[in-house]
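**Q** Provided herewith is a single structure, encoded as structure tokens, for subsequent inquiry.
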Amino acid sequence: MLENTEIILDNISFAYKQRNILENVNLEIQKGEFASIVGPNGGGKTTLLKLILGLIKPDRGKIRIFNKSPDKVRNKIGYMPQYAHLDMNFPASVMDVVLMGRLNKKNLWFSRKDRAKAMESIEQIGMTSFTTTGFNELSGGQKQRILIARALCSSPDILLLDEPTANVDSKTEENLLSILKKLNKKITILLVSHDLGFVSKYVKSVICVNLNVVIHPTTLVNGELIKNIYRGDLKMVRHDHRCSDEGHSHD
């Protein structure tokens, strides 16, 4: 394993209910990468994140994170799941939500160090004045920031984000991506996004997922390349090259 290679997927395949989700996937992610994961609904984007996290195991192939199996280094990976899959109405403050990122099997109580790290994470995403605010009182964009802070609270070396800019306006999306770009100076970041045109000015490369996986430098990605990779399954629907999925199934 090369010193700067943090994630290796070696000939990975995964099926769910006899339907192939990913096939023969080979992928290497270097330290300091900032990549967007794109592809049609059901193409395997979320599955790819869960395999890296070790939440599910491949049917074939090997995954190494820092040259170890994913379950051995999960504490080094921060994860923000899809916004739509979370219950946003539970009665908890911003600090309570961020502290959840410090929970582990060995320690179910929060120390002074845990609270200090939670505050540091809240400061990183520019939400210090909201520490005692109820989470369900926040706007959609503010909730997204706090969920990123929760993922940061474990002091990860890798940050995985599943559609962190979903359901927010373009200004909020720009603010979130600017925060992530600053964090990328210290952390490797992979984020699932439907808005390729918008994120491409922030990320270094694009990981295209649709059963197979192809990675491209951002500079080489254009509408024609996307259409070729996905055999026409994706289409460019906005004049600024926003990338939109067809269909409404989930990975």
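Order determines the names: the first chain of the structure tokens is A, the second B, and so forth; residues in each chain are numbered 1 upward, and ligands are numbered 1 upward as they are shown.
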So that I can check the surroundings of A:Thr132, please list as a CSV table (one decimal) with N, CA, C and O atoms, in the first residue's frame every protein, DNA and RNA residue that reaches within 12 Å of it, counting only C-alpha atoms and ignoring chain neighbours fewer than 2 positions away.

**A**
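Final output, around26.csv:
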```
chain,number,residue,atom,x,y,z
A,91,PRO,N,-36.3,16.0,20.3
A,91,PRO,CA,-36.0,17.2,21.1
A,91,PRO,C,-34.6,17.2,21.6
A,91,PRO,O,-34.3,16.6,22.7
A,92,ALA,N,-33.7,17.8,20.9
A,92,ALA,CA,-32.3,17.8,21.2
A,92,ALA,C,-31.7,19.2,20.8
A,92,ALA,O,-32.1,19.8,19.8
A,93,SER,N,-30.7,19.6,21.6
A,93,SER,CA,-30.1,20.9,21.2
A,93,SER,C,-29.0,20.6,20.2
A,93,SER,O,-28.6,19.5,19.9
A,94,VAL,N,-28.5,21.7,19.6
A,94,VAL,CA,-27.4,21.5,18.7
A,94,VAL,C,-26.2,20.8,19.3
A,94,VAL,O,-25.6,19.9,18.7
A,95,MET,N,-25.8,21.2,20.5
A,95,MET,CA,-24.7,20.5,21.2
A,95,MET,C,-25.0,19.0,21.4
A,95,MET,O,-24.1,18.2,21.2
A,96,ASP,N,-26.3,18.7,21.8
A,96,ASP,CA,-26.6,17.3,22.0
A,96,ASP,C,-26.4,16.5,20.7
A,96,ASP,O,-25.8,15.4,20.7
A,97,VAL,N,-26.8,17.0,19.6
A,97,VAL,CA,-26.7,16.3,18.3
A,97,VAL,C,-25.2,16.2,17.9
A,97,VAL,O,-24.8,15.1,17.5
A,98,VAL,N,-24.4,17.2,18.1
A,98,VAL,CA,-23.0,17.1,17.7
A,98,VAL,C,-22.2,16.1,18.6
A,98,VAL,O,-21.4,15.4,18.2
A,119,MET,N,-17.6,21.5,20.7
A,119,MET,CA,-17.6,23.0,20.5
A,119,MET,C,-16.6,23.4,19.3
A,119,MET,O,-16.9,24.2,18.5
A,122,ILE,N,-18.4,22.6,16.1
A,122,ILE,CA,-19.4,23.6,15.8
A,122,ILE,C,-18.8,24.9,15.3
A,122,ILE,O,-19.3,25.6,14.4
A,127,MET,N,-21.2,27.9,13.5
A,127,MET,CA,-22.5,27.8,14.2
A,127,MET,C,-22.4,28.0,15.7
A,127,MET,O,-23.3,27.5,16.5
A,128,THR,N,-21.4,28.7,16.2
A,128,THR,CA,-21.1,28.8,17.6
A,128,THR,C,-22.3,29.4,18.4
A,128,THR,O,-22.6,29.0,19.5
A,129,SER,N,-23.0,30.4,17.8
A,129,SER,CA,-24.0,31.1,18.5
A,129,SER,C,-25.3,30.2,18.6
A,129,SER,O,-26.3,30.7,19.2
A,130,PHE,N,-25.3,29.0,18.0
A,130,PHE,CA,-26.5,28.2,18.0
A,130,PHE,C,-26.4,27.0,19.0
A,130,PHE,O,-27.2,26.1,18.9
A,134,GLY,N,-32.5,24.5,19.9
A,134,GLY,CA,-33.1,23.3,19.5
A,134,GLY,C,-32.8,22.9,18.1
A,134,GLY,O,-32.9,23.7,17.2
A,135,PHE,N,-32.4,21.7,17.9
A,135,PHE,CA,-32.0,21.3,16.5
A,135,PHE,C,-33.2,21.4,15.5
A,135,PHE,O,-33.0,21.9,14.4
A,136,ASN,N,-34.4,21.1,16.0
A,136,ASN,CA,-35.6,21.2,15.1
A,136,ASN,C,-36.0,22.7,14.9
A,136,ASN,O,-36.9,22.9,14.1
A,137,GLU,N,-35.3,23.6,15.5
A,137,GLU,CA,-35.6,25.0,15.3
A,137,GLU,C,-34.8,25.6,14.1
A,137,GLU,O,-35.0,26.7,13.7
A,138,LEU,N,-33.8,24.9,13.7
A,138,LEU,CA,-32.9,25.3,12.6
A,138,LEU,C,-33.5,25.2,11.2
A,138,LEU,O,-34.4,24.4,11.0
```

**Q** Restrict the calculation to only C-alpha atoms, then for each residue of stretch 89-161 of chain A with any atom at most 9 Å from an atom of stretch 173-177 of chain A give the closest atom pair and their distance in Å to one decimal, rows by chain and rising residue number, as CSV.

**A**
```
residue,atom,partner,partner_atom,distance
A:Ile125,CA,A:Leu176,CA,8.3
A:Gly141,CA,A:Glu173,CA,7.8
A:Gln144,CA,A:Leu176,CA,8.2
A:Arg145,CA,A:Leu176,CA,7.0
```

**Q** Would you list, as a PyMOL selection string, the residues of stretch 33-220 of chain A that end up in strand (DSSP E) under DSSP run on this structure's backbone?

**A** chain A and resi 34-38+60-65+77-80+158-162+188-192+205-210+212-217

**Q** Let's have the selection written as a JSON list (two decimals), in the first residue's frame, with C-alpha atoms.

**A**
```json
[["chain", "number", "residue", "atom", "x", "y", "z"],
["A", 34, "PHE", "CA", -11.91, 15.91, -2.34],
["A", 35, "ALA", "CA", -14.20, 13.98, -4.67],
["A", 36, "SER", "CA", -17.85, 14.05, -5.61],
["A", 37, "ILE", "CA", -19.65, 10.73, -6.10],
["A", 38, "VAL", "CA", -22.28, 10.99, -8.84],
["A", 60, "ARG", "CA", -16.42, -10.41, -3.49],
["A", 61, "GLY", "CA", -13.18, -8.45, -3.28],
["A", 62, "LYS", "CA", -11.26, -6.68, -0.55],
["A", 63, "ILE", "CA", -11.54, -3.25, 1.06],
["A", 64, "ARG", "CA", -8.63, -1.68, 2.93],
["A", 65, "ILE", "CA", -8.81, 1.61, 4.84],
["A", 77, "ILE", "CA", -14.14, 7.95, 9.41],
["A", 78, "GLY", "CA", -16.78, 10.64, 9.89],
["A", 79, "TYR", "CA", -20.13, 9.91, 8.23],
["A", 80, "MET", "CA", -23.11, 12.10, 7.45],
["A", 158, "ILE", "CA", -11.82, 10.73, 6.21],
["A", 159, "LEU", "CA", -15.21, 12.42, 5.87],
["A", 160, "LEU", "CA", -18.04, 10.69, 3.97],
["A", 161, "LEU", "CA", -21.12, 12.80, 3.20],
["A", 162, "ASP", "CA", -24.28, 11.46, 1.58],
["A", 188, "THR", "CA", -10.01, 13.54, 2.87],
["A", 189, "ILE", "CA", -13.61, 14.13, 1.73],
["A", 190, "LEU", "CA", -15.97, 12.07, -0.42],
["A", 191, "LEU", "CA", -19.46, 13.45, -0.97],
["A", 192, "VAL", "CA", -22.45, 12.16, -2.87],
["A", 205, "SER", "CA", -12.24, 14.70, -9.00],
["A", 206, "VAL", "CA", -15.53, 12.98, -9.79],
["A", 207, "ILE", "CA", -16.30, 9.34, -8.99],
["A", 208, "CYS", "CA", -18.96, 8.13, -11.42],
["A", 209, "VAL", "CA", -20.99, 5.20, -10.05],
["A", 210, "ASN", "CA", -23.44, 3.13, -12.05],
["A", 212, "ASN", "CA", -19.19, 0.06, -12.19],
["A", 213, "VAL", "CA", -17.00, 2.93, -10.98],
["A", 214, "VAL", "CA", -14.94, 5.37, -13.05],
["A", 215, "ILE", "CA", -12.97, 8.27, -11.56],
["A", 216, "HIS", "CA", -12.10, 11.42, -13.52],
["A", 217, "PRO", "CA", -10.31, 14.69, -12.74]]
```

**Q** Check the DSSP output for the backbone and give back, as a PyMOL selection string, the residues of stretch 117-235 of chain A in helix (DSSP H, G or I).

**A** chain A and resi 117-124+128-130+135-137+140-152+170-183+196-199+218-220+223-229

**Q** As an exercise, work out the distance from atom CA of A:Leu55 to atom CA of A:Val168 in Å and give it to one decimal place.

**A** 27.5 Å

**Q** Taking only C-alpha atoms into account, name the residue in A:Ser193, A:Ser178, A:Asn104, A:Ser121 that is nearest to A:Ala149.

**A**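 Checking each of A:Ser193, A:Ser178, A:Asn104, A:Ser121 against A:Ala149, counting only C-alpha atoms, the winner is A:Ser121.
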
**Q** Can you work out the spacing between atom CA of A:Ile52 and atom CA of A:Pro70 in Å, to one decimal?

**A** 6.3 Å

**Q** If you count only C-alpha atoms, which residues fall within 12 Å of A:Leu103, apart from same-chain ones fewer than 2 positions away, as a ChimeraX atom specification?

**A** /A:75,96-101,105-111,114-115,118,150-151,153-154

**Q** Of the candidates A:Thr219, A:Ser170, A:Asn24, A:Ser155, which one gets nearest to A:Ala116 if we count only C-alpha atoms?

**A**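 Of A:Thr219, A:Ser170, A:Asn24, A:Ser155, the one nearest A:Ala116, counting only C-alpha atoms, is A:Ser155.
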